[in-house]
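Please read the structure below before turning to the comments.
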Amino acid sequence: MKTLVLTAACLAVGNLAWADDPVDAAAKPSDAPVDAAKQMAFFETKIRPLLAERCYDCHDENTAESELRVDTYEGMITGGLAGPALIPGKPQGSLIVAAVGYRDSTLQMPPDEKLSDAEIADLTRWVEMGAPHPGRDGMQTIKPRGDVDLEKGRQHWAFRPVAKVDPPTVNQTSPAIAAEERRDEPVRHPIDAFLLSRLEAEGLQRVPAADKRTLIRRATFDLTGLPPTPAEIEDFLADDSEEAFANVIDRLLSSPHYGERWGRHWLDVARYADSNGLDENVVHGHAWRYRDYVVNAFNKDKPYNEFVVEQLAGDLLPPRDEIAREHERLIATGYLVLGPKVLAEQDEAKMEMDIIDEQLDTIGRSMLGLTLGCARCHTHKFDPISHHDYYGLAGIFKSTKSMDSYKTVAKWHENLIETPEEEQRYNEHLAEVAAQEKKIAEVIAEATKLLEKPDSELALAEREKKFPAETTAVLKAERETLKKLKDSAPERPMAMGVIDGEVADTSVHLRGSHLTLGDVVPRRFPEVLASTDQPPLPAETSGRLQFAQWLTDGQHPLTARVMANRIWHGHFGKGLVTTVDNFGLQGAPPTHPELLDWLANQFVESGWSIKTMHRTIMLSEAYQRSSQHDAKNVEADPGNSLYWRFNLRRLEAEAIRDSLLAVSGQLDRTVGGNISQYKNREYVFNHTSQDKSTYDSYRRSIYVPVIRNHLYDMFQLFDYSDASVLNGNRNVSTIAPQALFLMNSEWVSELALSIADRLLQDSSDPAARIDQLYMQSFGRPATADERDRSLDFVSQFASLSKTPTDREEPERQAWQRLCQAIVASSEFVYIR
């Protein structure tokens, strides 16, 4: 345990009095020349004996717990796992001084007994005078543990500028193409050129193209999260033009359901939820506005650079004439406030820094693909992000107002988004309330005048007891009118979001603790991605706008790469960088780095259009490949990292639920709005509250409330994202309870009955019903064998059914059971 405690060796001690002896006097700061001999004597008589007696047992040549040695000057400067223990001349930033100060309960050195005040003062003075030590003589420059090597860091592939890459030249006669598909012309699509070049080099051959039924089902789910209708399938099959599939893509991108599908992808990385979770699980009553903002942004193809800037700094953008546009930008900043918070944290300073840390972690992983949060306590152990880089960024968000109050229960900030008409209506209401209150006051005043002096000077409650019965009746009536008036107050539209707060730079928090502060770091961006001589951020604003503009200037090495990779992941089920939230040194390298850079360049050059990226990817032959098995390829590339086929993919929880509603005819396709039954900041399910959440809505899954700590059962079962943390790559499990849910759930049974009723209503021909069921569910007609077996099942089930009710006659029950078997099958929940 000593190891963990001392490693940190860390927390700051404030100003301490100077002891008063000859050696001390020599060590006092003054304008006089430094007496090196007296300083060294101070070390030898005060500091070395102290270190030897209290520190060497755990931190010398033989032990070096947490890789920290204090028996040598080099050991203290180099430091241990928590970073350098000593910064000469800076006691406030030296971990060794912080540790002996006992200001942080998690770091107290020595752990068995605190040093005396005099010993702490001596150690502090020694560091302050520059840490004189005989081990310094003739020593080369020492690199403290955890110092960032910027030049080396910038060699990492993700931190280099995005390269301008030309696609390789590949002919359609390449051996990577099946013989029956070869033709005498070059490969036209750049994506195919990149992928085929690798396949050719590895001696692999891509599988044939998917059939049209498979392709339209794949594309429709990819872009809308819903199955194609039989009519849409037939239209595509009948279109023999070269633009047939491009037309399908354009139609799907124009659908309002596109924004719901791809907006949900973004909500995963924005850690969207309709409640806070953690200790005080209260409702995010206005979070739905941010969700709708995201859906609308995707539907309108808002350029991604604008999308990013609005979420980080929409409140700081120059004013616009349209008030709706102003409100949209304020709503966008809800991105910064949506995270879970410990709202009952008693230490307000800690709560503030915890919220900032959560914001930085979210921004880092969602927009930069970096785990910035790892640098809160010390320089990042893997990536070239320093402790000072972290607090340079933290200052930007400490200068941002995310919370209105840190008092228990703390309140997040919300922006008012009234229209002029709503504002006028609210002001009129206030005037009506004021007039009614004045009327009541006048009644009281008149009644008081009629009282004798002693009674007229009583408190109001006592005075009213002296009023005549008629006056009391009038007051009762007028107060009831006032109450009704107040109860009818128009609700003022609010949106979770931020504004700038008190602008100030932030101190380094040693080991991440606000109790032990080091140097103040000017607000700035990480040096490995920017520069070491960054111009200062404006003194009058937080710097969020400048930060957002830096991320989206088109030159940033990460922003376009990360989002292009997310779009690729959304279509292929995995990214070119498989660790979609981590492009750092611990993340996976890209399987096709040149292709990733080509996509990133295309993204920026297209005006950051996400819809253009969809078209580019989906029109490639790679996207249109079948998921056919190839034994030779599997042996050489079992993970399909070279994209020789399209991966078989299971639908996400939302797409499964929405598909069930769609094929049953029950889906409510209304876009946007709030269906939560809770009021803002009301308590929802936690250890002290009852759960009032209901999930029986027929709306699309994106509108179903996301309650932290009590997620909808079906969502949990099918690997929904944990709303407490961002996740751009959901797990995909295959477990028995998933099949049991589809086979036994009362909700699925009810939907299966709706499907059966539609079949019975639409046709009297059992064989036609079977084809209709297969077309609606799988996007294809039944085979002859499937049709025969289905008809045989329906016939046998109906004949064996006992004591049917009026509502569930044998035939209806039989078709219901068949429909449920179909929607519980693998083909329904998987995309080929």
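Labels for the structure tokens follow display order: chains A, B, ..., residues from 1 in each chain, ligands from 1.
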Kindly provide the residues of stretch 653-772 of chain A that approach stretch 328-341 of chain A to within 12 Å, each paired with its closest atom pair and their distance in Å to one decimal, based on only C-alpha atoms, listed by chain and increasing number, as CSV.
residue,atom,partner,partner_atom,distance
A:Val706,CA,A:Leu338,CA,11.8
A:Ile707,CA,A:Pro340,CA,11.1
A:Arg708,CA,A:Pro340,CA,8.5
A:Asn709,CA,A:Pro340,CA,10.6
A:Asp722,CA,A:Pro340,CA,11.4
A:Ala723,CA,A:Gly339,CA,8.5
A:Ser724,CA,A:Pro340,CA,6.1
A:Val725,CA,A:Gly339,CA,7.8
A:Leu726,CA,A:Gly339,CA,9.2
I'd like to know which residues of stretch 490-623 of chain A are alpha helix (DSSP H) (by DSSP, run on the backbone); could you write them as a ChimeraX atom specification?
/A:544-551,559-572,593-605,610-618
Within 10 Å of stretch 313-320 of chain A, counting only C-alpha atoms, which residues qualify if same-chain residues fewer than 6 places away don't, as number ranges by chain?
A: 306-307, 326-334, 336, 400, 415, 497-500, 541-549
Give me, as a Markdown table, the closest atom pair and its distance (Å, one decimal) for every residue of stretch 500-615 of chain A within a cut-off of 12 Å of stretch 729-751 of chain A, counting only C-alpha atoms, rows sorted by chain and rising number.
| residue | atom | partner | partner_atom | distance |
| --- | --- | --- | --- | --- |
| A:Asn565 | CA | A:Asn729 | CA | 11.5 |
| A:Arg566 | CA | A:Asn729 | CA | 9.1 |
| A:Ile567 | CA | A:Asn729 | CA | 11.7 |
| A:Trp568 | CA | A:Asn729 | CA | 11.9 |
| A:His569 | CA | A:Asn729 | CA | 8.3 |
| A:Gly570 | CA | A:Asn729 | CA | 9.2 |
| A:Phe572 | CA | A:Asn729 | CA | 11.8 |
| A:Gly573 | CA | A:Asn729 | CA | 8.6 |
| A:Lys574 | CA | A:Asn729 | CA | 7.9 |
| A:Gly575 | CA | A:Asn729 | CA | 9.1 |
| A:Val577 | CA | A:Asn729 | CA | 11.2 |
| A:Thr578 | CA | A:Asn729 | CA | 8.6 |
| A:Thr579 | CA | A:Asn729 | CA | 7.8 |
| A:Val580 | CA | A:Asn729 | CA | 6.8 |
| A:Asp581 | CA | A:Asn729 | CA | 7.9 |
| A:Asn582 | CA | A:Asn729 | CA | 10.8 |
When you look at A:Gln624 with a cut-off of 9 Å (counting only C-alpha atoms), what residues show up, excluding the ones that are within fewer than 6 positions of it in the same chain? I need them as a ChimeraX atom specification.
/A:208-211,215,618,645-646
Residues from the last selection, N, CA and C atoms, saved as a compact mmCIF listing (two decimals), in the first residue's frame:
# COMPACT_ATOMS: atom_id res chain seq x y z
N PRO A 208 -17.91 -12.19 -54.95
CA PRO A 208 -18.78 -11.50 -55.92
C PRO A 208 -19.67 -10.45 -55.26
N ALA A 209 -20.33 -9.68 -56.11
CA ALA A 209 -21.23 -8.64 -55.64
C ALA A 209 -22.48 -9.25 -55.03
N ALA A 210 -23.10 -8.51 -54.14
CA ALA A 210 -24.36 -8.95 -53.52
C ALA A 210 -25.49 -8.81 -54.53
N ASP A 211 -26.54 -9.61 -54.38
CA ASP A 211 -27.71 -9.46 -55.24
C ASP A 211 -28.48 -8.20 -54.82
N LEU A 215 -28.73 -5.99 -51.31
CA LEU A 215 -28.13 -4.66 -51.31
C LEU A 215 -29.10 -3.59 -50.82
N MET A 618 -20.74 4.16 -50.22
CA MET A 618 -21.74 3.17 -50.62
C MET A 618 -21.72 2.88 -52.10
N ARG A 645 -14.83 -9.24 -48.30
CA ARG A 645 -16.28 -9.46 -48.33
C ARG A 645 -16.95 -8.44 -47.42
N PHE A 646 -18.29 -8.44 -47.43
CA PHE A 646 -19.04 -7.59 -46.52
C PHE A 646 -19.37 -8.42 -45.29
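Comparing the minimum interatomic distances between A:Leu482 and each of A:His514, A:Glu594, A:Gln436, A:Glu446, counting only C-alpha atoms, we find that A:Gln436 sits nearest.
Residue nearest A:Glu202 within the list A:Ser626, A:Asn633, A:Gln666, A:Ser790: A:Asn633 [criterion: smallest interatomic distance, only C-alpha atoms].
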Counting only C-alpha atoms, what is within 12 Å of A:Ala179, bar same-chain residues fewer than 3 positions away, as a PDB file with N, CA, C and O atoms, in the first residue's frame?
ATOM      1  N   GLN A 172      -9.176  -3.765 -63.717  1.00  0.00           N
ATOM      2  CA  GLN A 172     -10.269  -4.695 -63.420  1.00  0.00           C
ATOM      3  C   GLN A 172      -9.897  -6.133 -63.760  1.00  0.00           C
ATOM      4  O   GLN A 172     -10.654  -7.056 -63.458  1.00  0.00           O
ATOM      5  N   THR A 173      -8.727  -6.329 -64.350  1.00  0.00           N
ATOM      6  CA  THR A 173      -8.245  -7.693 -64.620  1.00  0.00           C
ATOM      7  C   THR A 173      -7.398  -8.217 -63.470  1.00  0.00           C
ATOM      8  O   THR A 173      -6.793  -9.280 -63.579  1.00  0.00           O
ATOM      9  N   SER A 174      -7.345  -7.476 -62.373  1.00  0.00           N
ATOM     10  CA  SER A 174      -6.550  -7.879 -61.213  1.00  0.00           C
ATOM     11  C   SER A 174      -6.959  -9.260 -60.722  1.00  0.00           C
ATOM     12  O   SER A 174      -8.149  -9.597 -60.707  1.00  0.00           O
ATOM     13  N   PRO A 175      -5.991 -10.085 -60.308  1.00  0.00           N
ATOM     14  CA  PRO A 175      -6.341 -11.400 -59.752  1.00  0.00           C
ATOM     15  C   PRO A 175      -7.155 -11.297 -58.458  1.00  0.00           C
ATOM     16  O   PRO A 175      -7.728 -12.288 -58.021  1.00  0.00           O
ATOM     17  N   ALA A 176      -7.222 -10.110 -57.873  1.00  0.00           N
ATOM     18  CA  ALA A 176      -8.048  -9.936 -56.682  1.00  0.00           C
ATOM     19  C   ALA A 176      -9.529  -9.916 -57.028  1.00  0.00           C
ATOM     20  O   ALA A 176     -10.387  -9.955 -56.140  1.00  0.00           O
ATOM     21  N   ARG A 182     -14.175  -9.827 -64.097  1.00  0.00           N
ATOM     22  CA  ARG A 182     -13.082  -9.044 -64.674  1.00  0.00           C
ATOM     23  C   ARG A 182     -13.488  -8.414 -65.995  1.00  0.00           C
ATOM     24  O   ARG A 182     -14.272  -8.980 -66.758  1.00  0.00           O
ATOM     25  N   ARG A 183     -12.964  -7.223 -66.231  1.00  0.00           N
ATOM     26  CA  ARG A 183     -13.194  -6.547 -67.498  1.00  0.00           C
ATOM     27  C   ARG A 183     -11.977  -5.670 -67.809  1.00  0.00           C
ATOM     28  O   ARG A 183     -11.234  -5.291 -66.927  1.00  0.00           O
ATOM     29  N   ASP A 184     -11.820  -5.367 -69.042  1.00  0.00           N
ATOM     30  CA  ASP A 184     -10.595  -4.711 -69.499  1.00  0.00           C
ATOM     31  C   ASP A 184     -10.693  -3.187 -69.349  1.00  0.00           C
ATOM     32  O   ASP A 184     -10.842  -2.460 -70.337  1.00  0.00           O
ATOM     33  N   GLN A 205      -8.641 -12.837 -53.053  1.00  0.00           N
ATOM     34  CA  GLN A 205      -9.603 -12.471 -54.083  1.00  0.00           C
ATOM     35  C   GLN A 205     -10.915 -12.083 -53.421  1.00  0.00           C
ATOM     36  O   GLN A 205     -11.422 -12.793 -52.561  1.00  0.00           O
ATOM     37  N   ARG A 206     -11.469 -10.957 -53.829  1.00  0.00           N
ATOM     38  CA  ARG A 206     -12.727 -10.522 -53.235  1.00  0.00           C
ATOM     39  C   ARG A 206     -13.870 -11.406 -53.734  1.00  0.00           C
ATOM     40  O   ARG A 206     -13.795 -11.991 -54.823  1.00  0.00           O
ATOM     41  N   VAL A 207     -14.929 -11.469 -52.953  1.00  0.00           N
ATOM     42  CA  VAL A 207     -16.075 -12.301 -53.323  1.00  0.00           C
ATOM     43  C   VAL A 207     -16.962 -11.522 -54.300  1.00  0.00           C
ATOM     44  O   VAL A 207     -16.800 -10.308 -54.472  1.00  0.00           O
ATOM     45  N   PRO A 208     -17.909 -12.193 -54.946  1.00  0.00           N
ATOM     46  CA  PRO A 208     -18.777 -11.503 -55.919  1.00  0.00           C
ATOM     47  C   PRO A 208     -19.671 -10.450 -55.264  1.00  0.00           C
ATOM     48  O   PRO A 208     -19.794 -10.370 -54.040  1.00  0.00           O
TER      49      PRO A 208
END
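Atom CA of A:Leu196 lies 8.7 Å from atom CA of A:Leu642.
Counting only C-alpha atoms and comparing A:Asp235, A:Glu358, A:Asp240, A:Asp149, the residue that lies closest to A:Arg271 is A:Glu358.
For the choices A:Val562, A:Val443, A:Val308, A:Leu68, the atom-to-atom distance to A:Phe603 is smallest for A:Val562 when using only C-alpha atoms.
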Output as a tab-separated table one row per residue of stretch 106-166 of chain A within 12 Å of stretch 531-536 of chain A: the closest atom pair and its distance in Å to one decimal place, counting only C-alpha atoms, sorted by chain and residue number ascending.
residue	atom	partner	partner_atom	distance
A:Val148	CA	A:Thr532	CA	11.9
A:Leu150	CA	A:Thr532	CA	9.3
A:Glu151	CA	A:Ser531	CA	10.9
A:Arg154	CA	A:Ser531	CA	10.8
Could you pull out the residues in stretch 216-448 of chain A that DSSP calls strand (DSSP E) from the backbone, as a count of residues only?
10
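Atom pair atom CA of A:Ile385 / atom CA of A:Gly79: separated by 17.6 Å.
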From the list A:Pro190, A:Pro49, A:Gly153, A:Pro810, which residue is nearest A:Val165 when using only C-alpha atoms?
A:Pro190
